Amino acid sequence: MNIDDIVMDPGLKLALDTSKQTREQAIALLDLVSSHPPTSSPSHEFQLQISKQQKLLLTYLAQLRGLHRNAQVGARETKASTAEARQEVDRLHLQLQNLYYEQRHLQGEIAACESYDHKYQQLPLIPVEQFLAEHPERAGLDESALTIARIEHEHKGRLALEEQRQRLLKKKEGLIQANKKRKDDLANLDKDLEKFIDAAKPIQKTFEQVV
C-alpha cells in the first residue's frame, strides 16, 4: 500500500510532499555538482547555478523543519487527546460493568422475590368473587390492593373468631367451676347422709328389739 493512501492528515501530507521535493532538490544539486569536471575550476555562471540550487534546497529544508516541528506538536496533542479519550472509554466501560453487575443483582433479587413462598399465599382467603360480592366498593382496586383487602378481611375474621373462642373458653371455665361445685355439694351431701344413717342405726336396733 502506498504511503499516500495511509497518511490522511493534511499537515503530514504536506510534510511528505516537502520531504520528497527536498530529496529531489538535493539529488539535483548533487547531479549538478557532479556534472562539472573536477580538473577545471568552476565558472562564475556555474557557481551561480550551484548557489541558486543551494538556496532552493535550504528553503525546502527550512519548510521541512517547520512542518516537522508542527507534526511533533500535533503528535503530542493527538497523543494527549488519545490518552484522555482512552481514560474516558475506560471510565465508561467501568460504569457499564457496574451497571451490568447492578442489573444482574436486581434480576436476582426480583427472581428471589418472585419465587419466595409468601405466607399470605398459604392463607385460606375467600375467593375474589365472594369478597367483591360482600364488598362491592372494592371492585375498582388493582390486584395488589385487592389482595391486601382480602388479607385484612381474613385478619378481622380471625380476630372475631378469637374473641368468640375466648368467650367460649370463659363460659367453659364457668361451667367447669359450676360442675365442680355441684360435685362438691353432692359429695358433702353423701357424707351428711352417711352420718345420718350411722346416727340412726342405734335407734333402728332399739325399734327392732321392741317389736
# chains A, B, ... in the order shown; residues from 1 in each chain; ligands from 1
>>> residues_around(residues="A:Ala28", least_positions_apart="4", cutoff="12 Å", atoms="only C-alpha atoms", output="ChimeraX atom specification")
/A:21-24,32-35,49-50,52-54,56-57
>>> write_last_selection(atoms="N, CA, C and O atoms", output="compact mmCIF listing (two decimals), in the first residue's frame")
# COMPACT_ATOMS: atom_id res chain seq x y z
N GLN A 21 10.19 16.79 -2.23
CA GLN A 21 10.78 17.87 -3.01
C GLN A 21 12.20 18.18 -2.54
O GLN A 21 13.10 18.46 -3.35
N THR A 22 12.42 18.13 -1.21
CA THR A 22 13.76 18.38 -0.66
C THR A 22 14.73 17.31 -1.14
O THR A 22 15.88 17.61 -1.52
N ARG A 23 14.31 16.08 -1.14
CA ARG A 23 15.16 14.98 -1.61
C ARG A 23 15.49 15.15 -3.09
O ARG A 23 16.67 14.99 -3.50
N GLU A 24 14.47 15.47 -3.87
CA GLU A 24 14.71 15.68 -5.30
C GLU A 24 15.65 16.85 -5.55
O GLU A 24 16.53 16.80 -6.44
N LEU A 32 24.22 18.26 -10.27
CA LEU A 32 24.81 19.47 -10.87
C LEU A 32 26.28 19.57 -10.50
O LEU A 32 27.13 19.89 -11.35
N VAL A 33 26.59 19.31 -9.23
CA VAL A 33 27.99 19.39 -8.79
C VAL A 33 28.81 18.30 -9.49
O VAL A 33 29.96 18.52 -9.92
N SER A 34 28.22 17.11 -9.63
CA SER A 34 28.95 16.01 -10.24
C SER A 34 29.18 16.22 -11.74
O SER A 34 30.11 15.63 -12.34
N SER A 35 28.34 17.06 -12.35
CA SER A 35 28.48 17.28 -13.80
C SER A 35 29.68 18.14 -14.17
O SER A 35 30.10 18.17 -15.33
N GLN A 49 24.67 28.94 -10.50
CA GLN A 49 23.69 27.85 -10.55
C GLN A 49 23.73 27.03 -9.25
O GLN A 49 22.70 26.66 -8.68
N ILE A 50 24.95 26.74 -8.80
CA ILE A 50 25.11 25.99 -7.56
C ILE A 50 24.50 26.76 -6.40
O ILE A 50 23.78 26.22 -5.55
N LYS A 52 22.18 29.03 -6.50
CA LYS A 52 20.71 29.07 -6.65
C LYS A 52 20.08 27.76 -6.18
O LYS A 52 19.08 27.76 -5.47
N GLN A 53 20.70 26.65 -6.56
CA GLN A 53 20.17 25.34 -6.15
C GLN A 53 20.33 25.13 -4.64
O GLN A 53 19.45 24.53 -4.01
N GLN A 54 21.42 25.64 -4.07
CA GLN A 54 21.62 25.52 -2.62
C GLN A 54 20.56 26.32 -1.85
O GLN A 54 20.02 25.86 -0.84
N LEU A 56 17.60 27.08 -2.90
CA LEU A 56 16.33 26.39 -3.04
C LEU A 56 16.27 25.18 -2.10
O LEU A 56 15.23 24.94 -1.45
N LEU A 57 17.40 24.48 -1.96
CA LEU A 57 17.45 23.34 -1.04
C LEU A 57 17.28 23.80 0.41
O LEU A 57 16.56 23.16 1.19
>>> atom_distance(atom1="atom CA of A:Ala133", atom2="atom CA of A:Glu114")
29.5 Å
>>> select_by_dssp(residues="stretch 53-139 of chain A", states="alpha helix (DSSP H)", output="ChimeraX atom specification")
/A:53-115,128-134
>>> atom_distance(atom1="atom CA of A:Leu58", atom2="atom CA of A:Leu29")
11.3 Å
>>> residues_around(residues="A:Leu146", least_positions_apart="5", cutoff="10 Å", atoms="only C-alpha atoms", output="PyMOL selection string")
chain A and resi 128+131-132+138-141+151-152
>>> write_last_selection(atoms="C-alpha atoms", output="CSV table (one decimal), in the first residue's frame")
chain,number,residue,atom,x,y,z
A,128,VAL,CA,-62.2,-12.9,44.9
A,131,PHE,CA,-65.1,-10.9,48.5
A,132,LEU,CA,-66.3,-8.5,45.8
A,138,ARG,CA,-63.6,-2.6,46.5
A,139,ALA,CA,-64.4,-3.6,42.9
A,140,GLY,CA,-62.1,-0.9,41.4
A,141,LEU,CA,-58.9,-2.0,43.3
A,151,ILE,CA,-55.9,-10.3,53.9
A,152,GLU,CA,-57.3,-7.6,56.1
>>> atom_distance(atom1="atom CA of A:Leu12", atom2="atom CA of A:Ala80")
18.1 Å
